[in-house]
$ cat input.cif   # mmCIF, C-alpha atoms
data_run
loop_
_atom_site.label_atom_id
_atom_site.label_comp_id
_atom_site.auth_asym_id
_atom_site.auth_seq_id
_atom_site.Cartn_x
_atom_site.Cartn_y
_atom_site.Cartn_z
CA MET M 505 0.00 0.00 0.00
CA ALA M 506 1.21 3.44 -0.79
CA LYS M 507 0.17 6.75 0.59
CA THR M 508 -0.83 9.38 -1.91
CA GLY M 509 -1.34 12.28 0.44
CA ALA M 510 2.40 12.97 0.30
CA GLY M 511 4.12 15.53 -1.89
CA PRO M 512 4.38 15.53 -5.65
CA SER M 513 6.59 12.97 -7.41
CA LEU M 514 10.22 13.82 -8.23
CA THR M 515 10.10 12.58 -11.82
CA PRO M 516 9.24 15.42 -14.17
CA PRO M 517 6.12 14.83 -16.25
CA LEU M 518 6.84 13.26 -19.63
CA GLY M 519 5.21 16.24 -21.31
CA ASP M 520 7.77 18.57 -19.66
CA GLU M 521 10.63 16.30 -20.77
CA LEU M 522 9.46 16.29 -24.38
CA ALA M 523 8.82 20.04 -24.33
CA ARG M 524 12.40 20.62 -23.10
CA LEU M 525 13.68 18.31 -25.85
CA GLU M 526 11.77 20.32 -28.47
CA GLU M 527 13.33 23.48 -27.05
CA ILE M 528 16.84 22.00 -27.19
CA VAL M 529 16.40 20.88 -30.80
CA ARG M 530 15.00 24.27 -31.84
CA LYS M 531 17.99 26.05 -30.24
CA LEU M 532 20.46 23.77 -32.01
CA GLU M 533 18.66 24.29 -35.31
CA ALA M 534 18.66 28.07 -34.87
CA ASP M 535 22.47 28.36 -35.49
CA ASP M 536 22.95 31.22 -33.05
CA VAL M 537 24.27 29.15 -30.14
CA GLU M 538 27.97 29.16 -29.29
CA LEU M 539 29.69 25.85 -29.95
CA ASP M 540 30.32 25.14 -26.25
CA ALA M 541 26.68 25.78 -25.45
CA ALA M 542 25.61 23.65 -28.43
CA LEU M 543 27.64 20.71 -27.15
CA ALA M 544 26.14 21.09 -23.67
CA LEU M 545 22.63 21.20 -25.18
CA PHE M 546 23.37 18.12 -27.26
CA GLU M 547 24.52 16.15 -24.24
CA GLU M 548 21.44 17.18 -22.29
CA GLY M 549 19.24 16.24 -25.25
CA VAL M 550 20.79 12.78 -25.57
CA ALA M 551 20.27 12.10 -21.86
CA ARG M 552 16.66 13.26 -21.99
CA LEU M 553 15.94 11.25 -25.13
CA ARG M 554 17.29 8.12 -23.51
CA ALA M 555 15.23 8.71 -20.38
CA ALA M 556 12.06 9.39 -22.39
CA ARG M 557 12.53 6.27 -24.49
CA GLU M 558 13.13 4.14 -21.39
CA ARG M 559 9.98 5.52 -19.81
CA LEU M 560 7.94 4.76 -22.89
CA VAL M 561 9.28 1.30 -23.57
CA ALA M 562 9.89 -0.22 -20.17
CA ALA M 563 6.77 0.90 -18.36
CA GLU M 564 3.90 -1.37 -17.46
CA LEU M 565 0.41 -0.06 -16.79
CA LYS M 566 -0.30 0.32 -13.10
CA VAL M 567 -3.88 0.08 -11.85
CA GLN M 568 -4.57 1.07 -8.27
CA ALA M 569 -7.59 1.71 -6.12
CA VAL M 570 -7.78 4.93 -4.13
CA LEU M 571 -9.15 4.39 -0.66
CA GLU M 572 -9.84 6.85 2.10
CA GLU M 573 -8.86 5.66 5.53
CA ALA M 574 -10.64 6.43 8.78
CA ASP M 575 -8.10 9.17 9.56
CA GLY M 576 -8.85 10.83 6.23
CA ASP M 577 -5.57 9.81 4.55
CA LEU M 578 -5.68 8.45 1.02
CA ARG M 579 -4.09 5.07 0.34
CA LEU M 580 -3.41 3.24 -2.90
CA THR M 581 -3.72 -0.50 -3.34
CA ASP M 582 -2.79 -2.40 -6.47
CA LEU M 583 -5.65 -3.87 -8.44
CA ASP M 584 -5.46 -6.94 -10.65
CA ALA M 585 -7.22 -5.46 -13.63
CA MET W 1012 -31.68 -3.19 -30.23
CA PRO W 1013 -34.22 -2.51 -27.44
CA LEU W 1014 -37.04 -0.05 -28.07
CA TRP W 1015 -39.10 2.18 -25.86
CA VAL W 1016 -42.83 1.52 -26.43
CA ARG W 1017 -45.63 3.55 -24.89
CA GLY W 1018 -49.05 2.12 -24.04
CA GLU W 1019 -51.64 1.20 -21.43
CA VAL W 1020 -51.04 -1.91 -19.37
CA VAL W 1021 -53.91 -4.39 -19.17
CA GLN W 1022 -54.36 -8.02 -18.13
CA VAL W 1023 -51.39 -8.07 -15.80
CA LYS W 1024 -50.60 -11.57 -14.53
CA VAL W 1025 -47.87 -12.31 -12.02
CA TRP W 1026 -46.93 -15.99 -12.12
CA SER W 1027 -45.55 -17.96 -9.23
CA SER W 1028 -42.34 -18.36 -11.25
CA GLY W 1029 -41.89 -14.60 -10.81
CA HIS W 1030 -42.45 -13.76 -14.48
CA TRP W 1031 -44.95 -11.06 -15.41
CA TYR W 1032 -47.26 -11.23 -18.40
CA PHE W 1033 -49.37 -8.33 -19.59
CA THR W 1034 -50.74 -6.66 -22.69
CA LEU W 1035 -49.79 -3.22 -23.85
CA ARG W 1036 -52.36 -1.38 -25.91
CA ASP W 1037 -53.35 1.94 -27.37
CA LYS W 1038 -56.49 3.00 -29.22
CA LYS W 1039 -55.72 1.02 -32.35
CA SER W 1040 -53.53 -1.93 -31.43
CA GLN W 1041 -52.19 -4.20 -28.76
CA VAL W 1042 -49.22 -6.47 -28.17
CA LYS W 1043 -48.51 -9.21 -25.64
CA CYS W 1044 -45.57 -8.64 -23.32
CA CYS W 1045 -43.57 -10.80 -20.97
CA MET W 1046 -41.11 -9.65 -18.34
CA TRP W 1047 -38.83 -12.37 -17.01
CA LYS W 1048 -38.29 -12.79 -13.29
CA MET W 1049 -34.76 -11.30 -13.30
CA TYR W 1050 -36.14 -8.03 -14.69
CA ALA W 1051 -39.46 -8.16 -12.84
CA GLU W 1052 -37.68 -8.39 -9.49
CA ARG W 1053 -35.85 -5.16 -10.19
CA GLY W 1054 -39.07 -3.43 -11.21
CA GLY W 1055 -40.78 -3.45 -7.81
CA ARG W 1056 -44.51 -3.91 -7.91
CA PRO W 1057 -46.26 -4.75 -11.18
CA PRO W 1058 -48.18 -1.88 -12.71
CA ALA W 1059 -51.91 -1.80 -12.08
CA ASP W 1060 -54.28 -2.38 -14.99
CA GLY W 1061 -54.92 0.85 -16.85
CA THR W 1062 -51.55 2.44 -16.02
CA GLU W 1063 -49.91 4.22 -18.90
CA VAL W 1064 -46.27 3.18 -19.15
CA PHE W 1065 -43.12 3.20 -21.20
CA VAL W 1066 -41.57 -0.23 -21.60
CA LEU W 1067 -38.06 -0.98 -22.77
CA ALA W 1068 -38.34 -4.17 -24.79
CA LYS W 1069 -37.02 -6.31 -27.58
CA PRO W 1070 -39.28 -7.99 -30.14
CA ALA W 1071 -39.48 -11.76 -29.49
CA LEU W 1072 -41.37 -14.84 -30.58
CA TYR W 1073 -43.43 -17.09 -28.27
CA GLU W 1074 -42.56 -20.16 -30.28
CA GLU W 1075 -45.02 -22.64 -28.79
CA LYS W 1076 -47.96 -20.47 -29.80
CA GLY W 1077 -46.26 -18.85 -32.77
CA GLU W 1078 -47.06 -15.46 -31.30
CA PHE W 1079 -45.15 -12.22 -31.58
CA GLN W 1080 -44.51 -10.58 -28.22
CA LEU W 1081 -42.32 -8.01 -26.54
CA SER W 1082 -39.67 -9.18 -24.09
CA VAL W 1083 -39.68 -6.34 -21.58
CA THR W 1084 -36.74 -5.38 -19.37
CA ARG W 1085 -38.08 -2.16 -17.83
CA VAL W 1086 -41.45 -0.62 -17.05
CA ILE W 1087 -41.74 3.03 -16.11
CA PRO W 1088 -45.10 4.75 -15.57
CA THR W 1089 -45.35 7.81 -17.82
CA SER W 1090 -46.21 9.92 -14.78
CA ALA W 1091 -42.87 9.03 -13.19
CA MET W 1092 -41.11 9.70 -16.45
CA GLY W 1093 -42.73 13.11 -16.49
CA ARG W 1094 -41.38 13.94 -13.04
CA GLN W 1095 -37.89 12.80 -14.00
CA GLN W 1096 -38.03 14.89 -17.13
CA GLN W 1097 -39.14 17.96 -15.17
CA GLU W 1098 -36.28 17.54 -12.70
CA LEU W 1099 -33.82 17.05 -15.54
CA GLU W 1100 -34.99 20.26 -17.19
CA ARG W 1101 -34.75 22.17 -13.90
CA VAL W 1102 -31.18 21.02 -13.24
CA LYS W 1103 -30.20 21.71 -16.82
CA THR W 1104 -31.55 25.25 -16.58
CA VAL W 1105 -29.73 26.14 -13.34
CA LEU W 1106 -26.44 24.63 -14.48
CA GLN W 1107 -26.67 26.44 -17.77
CA LYS W 1108 -27.42 29.70 -15.96
CA ASP W 1109 -24.35 29.19 -13.79
CA GLY W 1110 -22.20 28.72 -16.89
CA LEU W 1111 -21.31 25.08 -16.25
CA PHE W 1112 -21.93 24.16 -19.89
CA ASP W 1113 -20.00 27.14 -21.30
CA LEU W 1114 -17.49 26.25 -23.97
CA SER W 1115 -15.15 28.91 -22.53
CA ARG W 1116 -14.57 26.80 -19.41
CA LYS W 1117 -13.67 23.65 -21.33
CA ARG W 1118 -10.09 22.61 -20.69
CA GLN W 1119 -7.78 20.70 -23.02
CA ILE W 1120 -6.92 17.12 -22.16
CA PRO W 1121 -3.11 16.97 -21.66
CA ILE W 1122 -1.27 15.25 -24.50
CA TYR W 1123 0.91 13.10 -22.27
CA ALA W 1124 -1.40 12.22 -19.41
CA CYS W 1125 0.40 9.82 -17.08
CA THR W 1126 -1.97 9.57 -14.14
CA VAL W 1127 -5.66 9.06 -14.83
CA ALA W 1128 -8.34 8.98 -12.14
CA LEU W 1129 -11.30 6.78 -12.98
CA VAL W 1130 -14.50 7.38 -11.02
CA THR W 1131 -16.80 4.45 -11.58
CA SER W 1132 -18.29 1.35 -10.05
CA PRO W 1133 -15.54 -0.91 -8.67
CA ASP W 1134 -17.22 -3.97 -10.17
CA GLY W 1135 -18.52 -2.61 -13.45
CA ALA W 1136 -17.18 -3.24 -16.94
CA VAL W 1137 -15.85 0.29 -17.20
CA ILE W 1138 -12.59 -0.49 -15.39
CA HIS W 1139 -11.95 -3.41 -17.71
CA ASP W 1140 -12.64 -1.32 -20.84
CA VAL W 1141 -10.50 1.63 -19.75
CA VAL W 1142 -7.62 -0.60 -18.58
CA THR W 1143 -7.65 -2.63 -21.80
CA VAL W 1144 -7.49 0.41 -24.05
CA THR W 1145 -4.91 2.21 -21.89
CA ARG W 1146 -2.66 -0.83 -21.63
CA LYS W 1147 -2.63 -1.06 -25.41
CA ARG W 1148 -2.09 2.63 -26.09
CA TRP W 1149 -0.14 4.08 -23.18
CA PRO W 1150 1.23 1.45 -20.77
CA CYS W 1151 3.37 3.99 -18.94
CA ALA W 1152 0.18 5.42 -17.45
CA ARG W 1153 -1.19 4.88 -13.98
CA ILE W 1154 -4.92 4.44 -13.49
CA LEU W 1155 -6.29 5.31 -10.08
CA VAL W 1156 -9.75 3.85 -9.56
CA VAL W 1157 -11.97 5.82 -7.22
CA GLY W 1158 -14.91 3.54 -6.62
CA ALA W 1159 -18.49 4.77 -6.29
CA ARG W 1160 -21.93 3.34 -6.79
CA VAL W 1161 -23.19 4.66 -10.09
CA GLN W 1162 -26.90 3.85 -9.80
CA GLY W 1163 -29.58 3.40 -7.20
CA ASP W 1164 -29.80 4.76 -3.67
CA GLY W 1165 -26.65 6.45 -2.46
CA ALA W 1166 -25.11 6.77 -5.92
CA VAL W 1167 -25.27 10.57 -5.90
CA GLY W 1168 -23.53 10.86 -2.52
CA GLU W 1169 -20.84 8.34 -3.44
CA LEU W 1170 -20.11 10.00 -6.77
CA VAL W 1171 -19.82 13.42 -5.10
CA ARG W 1172 -17.48 11.99 -2.47
CA ALA W 1173 -15.38 10.20 -5.11
CA LEU W 1174 -15.04 13.39 -7.16
CA SER W 1175 -13.91 15.32 -4.10
CA LEU W 1176 -11.32 12.57 -3.37
CA VAL W 1177 -10.00 13.06 -6.90
CA ASN W 1178 -9.06 16.63 -5.97
CA ARG W 1179 -6.80 15.29 -3.21
CA ILE W 1180 -4.67 13.11 -5.51
CA HIS W 1181 -1.26 14.55 -6.39
CA ASP W 1182 0.19 14.60 -9.91
CA LEU W 1183 -3.13 13.84 -11.53
CA ASP W 1184 -3.49 14.68 -15.23
CA VAL W 1185 -7.05 13.80 -16.14
CA CYS W 1186 -10.23 12.38 -14.59
CA ILE W 1187 -12.71 10.04 -16.27
CA VAL W 1188 -16.15 9.60 -14.76
CA GLY W 1189 -18.15 6.85 -16.30
CA ARG W 1190 -20.51 3.93 -16.32
CA GLY W 1191 -21.82 1.49 -18.87
CA GLY W 1192 -25.13 1.86 -20.63
CA GLY W 1193 -28.46 1.50 -18.92
CA GLY W 1194 -31.99 2.76 -18.79
CA ARG W 1195 -32.77 6.38 -18.17
CA GLU W 1196 -33.28 5.77 -14.45
CA ASP W 1197 -29.91 4.01 -14.21
CA LEU W 1198 -28.22 7.14 -15.48
CA ALA W 1199 -30.14 9.42 -13.12
CA ALA W 1200 -27.18 10.03 -10.78
CA PHE W 1201 -25.26 11.52 -13.69
CA ASN W 1202 -28.06 14.06 -14.14
CA SER W 1203 -27.95 15.09 -10.50
CA GLU W 1204 -27.16 18.73 -9.78
CA THR W 1205 -24.72 17.94 -6.96
CA VAL W 1206 -22.79 15.40 -9.05
CA CYS W 1207 -22.58 17.88 -11.92
CA ARG W 1208 -21.30 20.62 -9.60
CA ALA W 1209 -18.74 18.23 -8.03
CA LEU W 1210 -17.55 17.31 -11.51
CA ALA W 1211 -17.21 20.96 -12.47
CA ALA W 1212 -15.06 21.48 -9.35
CA VAL W 1213 -12.52 18.80 -10.31
CA ARG W 1214 -9.23 20.64 -10.78
CA VAL W 1215 -7.93 18.55 -13.70
CA PRO W 1216 -9.55 18.16 -17.13
CA THR W 1217 -12.51 15.77 -17.05
CA ILE W 1218 -14.02 13.26 -19.44
CA SER W 1219 -17.58 12.02 -19.00
CA ALA W 1220 -18.39 8.61 -20.43
CA VAL W 1221 -21.87 7.71 -19.30
CA GLY W 1222 -23.98 5.10 -20.99
CA HIS W 1223 -23.79 4.12 -24.60
CA GLU W 1224 -23.59 6.42 -27.54
CA ILE W 1225 -27.26 7.32 -27.70
CA ASP W 1226 -27.46 8.39 -24.04
CA ILE W 1227 -26.47 11.89 -23.05
CA SER W 1228 -26.34 12.90 -19.41
CA LEU W 1229 -25.78 16.29 -17.82
CA THR W 1230 -22.28 15.24 -16.72
CA ASP W 1231 -21.53 14.88 -20.43
CA LEU W 1232 -22.35 18.56 -20.82
CA VAL W 1233 -20.41 19.66 -17.72
CA ALA W 1234 -17.24 17.67 -18.38
CA ASP W 1235 -14.50 19.16 -20.51
CA VAL W 1236 -14.94 16.37 -23.03
CA ARG W 1237 -17.74 13.88 -23.63
CA ALA W 1238 -16.82 10.37 -24.71
CA ALA W 1239 -19.37 8.08 -26.31
CA THR W 1240 -18.18 5.05 -24.33
CA PRO W 1241 -15.66 4.28 -21.57
CA SER W 1242 -13.28 2.83 -24.18
CA ALA W 1243 -13.50 6.06 -26.16
CA ALA W 1244 -12.80 7.96 -22.92
CA ALA W 1245 -9.55 6.04 -22.48
CA GLU W 1246 -8.56 6.85 -26.06
CA LEU W 1247 -9.19 10.53 -25.38
CA ALA W 1248 -7.34 10.45 -22.06
CA VAL W 1249 -4.03 8.98 -23.20
CA SER W 1250 -1.83 9.24 -26.27
CA ASP W 1251 -0.77 6.30 -28.38
CA ARG W 1252 2.74 5.25 -27.34
CA ARG W 1253 3.67 4.43 -30.95
CA ASP W 1254 2.97 8.04 -31.97
CA VAL W 1255 5.09 9.39 -29.11
CA LEU W 1256 7.96 7.00 -29.87
CA ARG W 1257 7.87 8.26 -33.46
CA LEU W 1258 8.07 11.81 -32.10
CA VAL W 1259 11.06 10.83 -29.90
CA ASP W 1260 12.79 9.25 -32.93
CA ASP W 1261 12.17 12.41 -34.93
CA LEU W 1262 13.60 14.56 -32.12
CA SER W 1263 16.60 12.25 -31.95
CA VAL W 1264 17.32 12.75 -35.68
CA ARG W 1265 16.83 16.51 -35.43
CA LEU W 1266 19.11 16.68 -32.37
CA ALA W 1267 21.96 14.94 -34.20
CA ALA W 1268 21.41 17.03 -37.34
CA GLY W 1269 21.27 20.19 -35.22
CA LEU W 1270 24.67 19.53 -33.64
CA SER W 1271 26.19 18.43 -36.93
CA GLY W 1272 24.93 21.60 -38.60
CA ARG W 1273 26.23 23.66 -35.71
CA THR W 1274 29.78 22.17 -35.90
CA ARG W 1275 29.78 22.51 -39.72
CA LEU W 1276 28.91 26.14 -39.21
CA GLY W 1277 31.72 26.45 -36.64
CA ARG W 1278 34.23 24.91 -39.08
CA ALA W 1279 33.14 27.25 -41.85
CA ARG W 1280 33.39 30.23 -39.54
CA LEU W 1281 36.87 29.11 -38.43
CA ALA W 1282 38.02 28.76 -42.06
CA ARG W 1283 36.64 32.20 -42.87
CA THR W 1284 38.43 33.66 -39.84
CA ALA W 1285 41.74 32.03 -40.89
CA ASP W 1286 41.38 33.48 -44.39
CA ARG W 1287 40.70 36.91 -42.99
CA LEU W 1288 43.64 36.63 -40.57
CA HIS W 1289 45.97 35.60 -43.39
CA ALA W 1290 44.76 38.45 -45.57
CA GLY W 1291 45.24 40.85 -42.65
CA VAL W 1292 48.83 39.75 -42.04
CA GLU W 1293 49.59 40.05 -45.76
CA ALA W 1294 48.18 43.58 -45.78
CA VAL W 1295 50.32 44.58 -42.77
CA LEU W 1296 53.42 43.08 -44.36
CA ASP W 1297 52.73 44.84 -47.69
CA SER W 1298 52.29 48.15 -45.97
CA ARG W 1299 55.56 47.65 -44.04
CA ARG W 1300 57.39 46.71 -47.25
CA ASN W 1301 56.13 49.86 -48.97
CA LEU W 1302 57.24 52.02 -46.08
CA THR W 1303 60.72 50.48 -46.08
CA ASP W 1304 61.10 51.03 -49.82
CA ARG W 1305 59.95 54.65 -49.49
CA LEU W 1306 62.35 55.31 -46.59
CA ALA W 1307 65.21 53.68 -48.50
CA ALA W 1308 64.52 55.91 -51.52
CA GLN W 1309 64.42 58.99 -49.27
CA LEU W 1310 67.68 57.99 -47.58
CA ASP W 1311 69.25 57.33 -50.93
CA ALA W 1312 68.24 60.77 -52.20
CA LEU W 1313 69.77 62.43 -49.18
CA SER W 1314 73.02 60.48 -49.32
CA PRO W 1315 76.13 62.66 -50.05
CA LEU W 1316 77.45 59.81 -52.11
CA ARG W 1317 74.80 60.62 -54.76
CA VAL W 1318 76.61 64.02 -55.29
CA LEU W 1319 79.78 62.14 -56.22
CA GLY W 1320 77.88 60.74 -59.19
CA ARG W 1321 77.75 64.19 -60.64
CA GLY W 1322 81.65 64.48 -60.66
CA TYR W 1323 82.36 65.77 -57.17
CA ALA W 1324 85.00 64.11 -54.95
CA VAL W 1325 85.45 64.03 -51.17
CA PRO W 1326 89.04 64.25 -49.80
CA MET W 1327 89.55 62.08 -46.78
CA SER W 1328 92.57 61.47 -44.51
CA GLU W 1329 94.01 58.00 -44.29
CA ALA W 1330 92.10 57.70 -41.06
CA GLY W 1331 88.87 58.40 -42.95
CA ARG W 1332 88.35 62.01 -41.74
CA VAL W 1333 86.85 64.38 -44.29
CA LEU W 1334 89.35 67.16 -45.18
CA LYS W 1335 87.23 70.30 -45.37
CA HIS W 1336 89.79 73.18 -45.04
CA ARG W 1337 93.20 74.09 -46.45
CA ALA W 1338 94.67 73.59 -43.01
CA ASP W 1339 93.53 69.98 -43.04
CA PHE W 1340 95.99 69.25 -45.90
CA VAL W 1341 99.54 68.56 -44.68
CA PRO W 1342 102.24 69.02 -47.40
CA ARG W 1343 103.67 65.78 -48.84
CA GLU W 1344 101.21 63.64 -46.97
CA SER W 1345 99.00 61.31 -48.83
CA PHE W 1346 95.21 61.29 -48.64
CA ARG W 1347 92.33 59.63 -50.42
CA LEU W 1348 89.82 61.07 -52.82
CA ARG W 1349 86.40 59.40 -52.65
CA VAL W 1350 84.80 59.47 -56.10
CA ALA W 1351 81.61 57.88 -57.30
CA ASP W 1352 83.00 54.41 -57.93
CA GLY W 1353 85.75 54.23 -55.27
CA ASP W 1354 88.82 55.80 -53.72
CA VAL W 1355 91.88 57.36 -55.46
CA ARG W 1356 95.13 57.83 -53.61
CA ALA W 1357 96.64 61.39 -53.78
CA ARG W 1358 99.49 63.50 -52.26
CA VAL W 1359 99.56 67.13 -51.14
CA GLU W 1360 102.34 69.13 -53.06
#

$ encode --input "input.cif" --output "structure tokens"
Amino acid sequence: MAKTGAGPSLTPPLGDELARLEEIVRKLEADDVELDAALALFEEGVARLRAARERLVAAELKVQAVLEEADGDLRLTDLDA
Amino acid sequence: MPLWVRGEVVQVKVWSSGHWYFTLRDKKSQVKCCMWKMYAERGGRPPADGTEVFVLAKPALYEEKGEFQLSVTRVIPTSAMGRQQQELERVKTVLQKDGLFDLSRKRQIPIYACTVALVTSPDGAVIHDVVTVTRKRWPCARILVVGARVQGDGAVGELVRALSLVNRIHDLDVCIVGRGGGGREDLAAFNSETVCRALAAVRVPTISAVGHEIDISLTDLVADVRAATPSAAAELAVSDRRDVLRLVDDLSVRLAAGLSGRTRLGRARLARTADRLHAGVEAVLDSRRNLTDRLAAQLDALSPLRVLGRGYAVPMSEAGRVLKHRADFVPRESFRLRVADGDVRARVE
């Protein structure tokens, strides 16, 4: 069982990752970035691409039930769906 | 495909088996109806003779007698239907007045929804449909089922509570509220004012998937998006992973091309700079060479030796001192005369 009343997750949303990747590619395509900065952007882009691909390929759908406990906390339990 | 048929109920017979038999008629025609025990039990008391009703039924054949009949699954007195309709119209009017159906408040469903709340019956088919579609399209998602009764007594309260729980879930991207198809009464909770207002208060974009395609409930009008079925709701809620992987591949190609283009540009700029540097150095050297030549010509013009070319000579002592005055010449001593092409030895007499 996992509690879901806690803070937000540390993994950035996939949408944010892909938006940052778009931004990196656009900057590199714009030609007005210094070479050092371009190399740094490229490295960041490669890392983010790898992470995004891993997230997309390796993941398995998770189905959980949200339950409210007597003390008002929310708890998650896995469902076999 | 079941049909709604309106008529007056007569000759109602309730058999010990639990099945109901009756005739439905209007001024011109009549048809025999049967309602099997499993449906009759849900219907409460059988309608009294003379009651005007709507029945939901499928055409069927009573084979032993070769008679056409209607196989009825629901019976609703028209008076009750009228009350339901009035209530529906009232709720619709107040929600419309409060702007809950306004297109301006419709939110976009996020493209990459990762966490989806599903408010529905814990044991209905909706979970299965949504999970099946999501697993196929977007397996990196997480579906959080918030269970609630979706019909009958207590459904309104449970749906309202479930929708308020949804607002306490962190990192949520979208919320689906749904149930499978059913009769008009089965969908009543989704026409409730409090459920509609609770749905409007959900802080993430919402999808309403209530009933089958032909049924429209008020939650369909309040939600940001209406889906015809729960499966369609799942398709609206999550992207197709194959499309996103194609996008990632495309970004990967553009990233590599971007860097390659950038370094090519850098090389070209470097080559241009080297050319300019070389040209600059050449220009400096040329200018220096010109200056040296000019100075040499000036020096040459000023040189006393140039005068010798015109026939003059310079007397100089053996030690190389220029003899400018008579007193500088000592009798019988030798000296040198510098002429244009060299020295000539001479003696003072």

$ closest_atom_pairs --input "input.cif" --of "chain M" --to "range 1266-1272 of chain W" --cutoff "12 Å" --atoms "only C-alpha atoms" --output "Markdown table"
| residue | atom | partner | partner_atom | distance |
| --- | --- | --- | --- | --- |
| M:Leu525 | CA | W:Leu1266 | CA | 8.6 |
| M:Glu526 | CA | W:Leu1266 | CA | 9.1 |
| M:Glu527 | CA | W:Leu1266 | CA | 10.4 |
| M:Ile528 | CA | W:Leu1266 | CA | 7.8 |
| M:Val529 | CA | W:Leu1266 | CA | 5.2 |
| M:Arg530 | CA | W:Gly1269 | CA | 8.2 |
| M:Lys531 | CA | W:Gly1269 | CA | 8.4 |
| M:Leu532 | CA | W:Gly1269 | CA | 4.9 |
| M:Glu533 | CA | W:Gly1269 | CA | 4.9 |
| M:Ala534 | CA | W:Gly1269 | CA | 8.3 |
| M:Asp535 | CA | W:Gly1272 | CA | 7.8 |
| M:Asp536 | CA | W:Gly1272 | CA | 11.3 |
| M:Val537 | CA | W:Leu1270 | CA | 10.2 |
| M:Glu538 | CA | W:Leu1270 | CA | 11.1 |
| M:Leu539 | CA | W:Leu1270 | CA | 8.9 |
| M:Asp540 | CA | W:Leu1270 | CA | 10.9 |
| M:Ala541 | CA | W:Leu1270 | CA | 10.5 |
| M:Ala542 | CA | W:Leu1270 | CA | 6.7 |
| M:Leu543 | CA | W:Leu1270 | CA | 7.2 |
| M:Ala544 | CA | W:Leu1270 | CA | 10.2 |
| M:Leu545 | CA | W:Leu1270 | CA | 8.9 |
| M:Phe546 | CA | W:Leu1270 | CA | 6.7 |
| M:Glu547 | CA | W:Leu1266 | CA | 9.8 |
| M:Glu548 | CA | W:Leu1266 | CA | 10.4 |
| M:Gly549 | CA | W:Leu1266 | CA | 7.1 |
| M:Val550 | CA | W:Leu1266 | CA | 8.0 |
| M:Ala551 | CA | W:Leu1266 | CA | 11.5 |
| M:Arg552 | CA | W:Leu1266 | CA | 11.2 |
| M:Leu553 | CA | W:Leu1266 | CA | 9.6 |

$ resolve_selection --input "input.cif" --expression "the PyMOL selection byres ((chain W) within 8 of (chain M))" --output "PyMOL selection string"
chain W and resi 1122-1125+1138-1139+1142+1145-1146+1149-1158+1179-1182+1252+1256+1259+1262-1263+1265-1267+1269-1270+1272-1274+1276-1277

$ atom_distance --input "input.cif" --atom1 "CA of Pro1342 in chain W" --atom2 "CA of Asp1354 in chain W"
19.9 Å

$ atom_distance --input "input.cif" --atom1 "CA of Ala1059 in chain W" --atom2 "CA of Val1023 in chain W"
7.3 Å

$ residues_around --input "input.cif" --residues "Lys1103 in chain W" --least-positions-apart "6" --cutoff "10 Å" --atoms "all atoms listed in the file" --output "VMD selection string"
chain W and resid 1097 1109 1111 to 1112 1202 to 1204 1207 1228 to 1229 1232

$ build_atoms --input "input.cif" --residues "range 1109-1119 of chain W" --atoms "N, CA and C atoms" --output "PDB file, in the coordinates of the input"
ATOM      1  N   ASP W1109     -25.602  29.005 -14.525  1.00  0.00           N
ATOM      2  CA  ASP W1109     -24.350  29.190 -13.790  1.00  0.00           C
ATOM      3  C   ASP W1109     -23.109  29.016 -14.673  1.00  0.00           C
ATOM      4  N   GLY W1110     -23.326  28.782 -15.937  1.00  0.00           N
ATOM      5  CA  GLY W1110     -22.200  28.720 -16.890  1.00  0.00           C
ATOM      6  C   GLY W1110     -21.462  27.402 -16.925  1.00  0.00           C
ATOM      7  N   LEU W1111     -22.036  26.352 -16.312  1.00  0.00           N
ATOM      8  CA  LEU W1111     -21.310  25.080 -16.250  1.00  0.00           C
ATOM      9  C   LEU W1111     -21.210  24.371 -17.602  1.00  0.00           C
ATOM     10  N   PHE W1112     -22.028  24.796 -18.568  1.00  0.00           N
ATOM     11  CA  PHE W1112     -21.930  24.160 -19.890  1.00  0.00           C
ATOM     12  C   PHE W1112     -21.115  25.026 -20.862  1.00  0.00           C
ATOM     13  N   ASP W1113     -20.650  26.190 -20.388  1.00  0.00           N
ATOM     14  CA  ASP W1113     -20.000  27.140 -21.300  1.00  0.00           C
ATOM     15  C   ASP W1113     -18.765  26.526 -21.967  1.00  0.00           C
ATOM     16  N   LEU W1114     -18.654  26.773 -23.231  1.00  0.00           N
ATOM     17  CA  LEU W1114     -17.490  26.250 -23.970  1.00  0.00           C
ATOM     18  C   LEU W1114     -16.213  26.919 -23.466  1.00  0.00           C
ATOM     19  N   SER W1115     -16.347  28.169 -22.966  1.00  0.00           N
ATOM     20  CA  SER W1115     -15.150  28.910 -22.530  1.00  0.00           C
ATOM     21  C   SER W1115     -14.480  28.261 -21.322  1.00  0.00           C
ATOM     22  N   ARG W1116     -15.218  27.426 -20.570  1.00  0.00           N
ATOM     23  CA  ARG W1116     -14.570  26.800 -19.410  1.00  0.00           C
ATOM     24  C   ARG W1116     -14.052  25.387 -19.719  1.00  0.00           C
ATOM     25  N   LYS W1117     -14.168  24.986 -20.963  1.00  0.00           N
ATOM     26  CA  LYS W1117     -13.670  23.650 -21.330  1.00  0.00           C
ATOM     27  C   LYS W1117     -12.140  23.671 -21.362  1.00  0.00           C
ATOM     28  N   ARG W1118     -11.550  22.691 -20.708  1.00  0.00           N
ATOM     29  CA  ARG W1118     -10.090  22.610 -20.690  1.00  0.00           C
ATOM     30  C   ARG W1118      -9.610  21.522 -21.654  1.00  0.00           C
ATOM     31  N   GLN W1119      -8.368  21.690 -22.106  1.00  0.00           N
ATOM     32  CA  GLN W1119      -7.780  20.700 -23.020  1.00  0.00           C
ATOM     33  C   GLN W1119      -7.312  19.481 -22.218  1.00  0.00           C
TER      34      GLN W1119
END
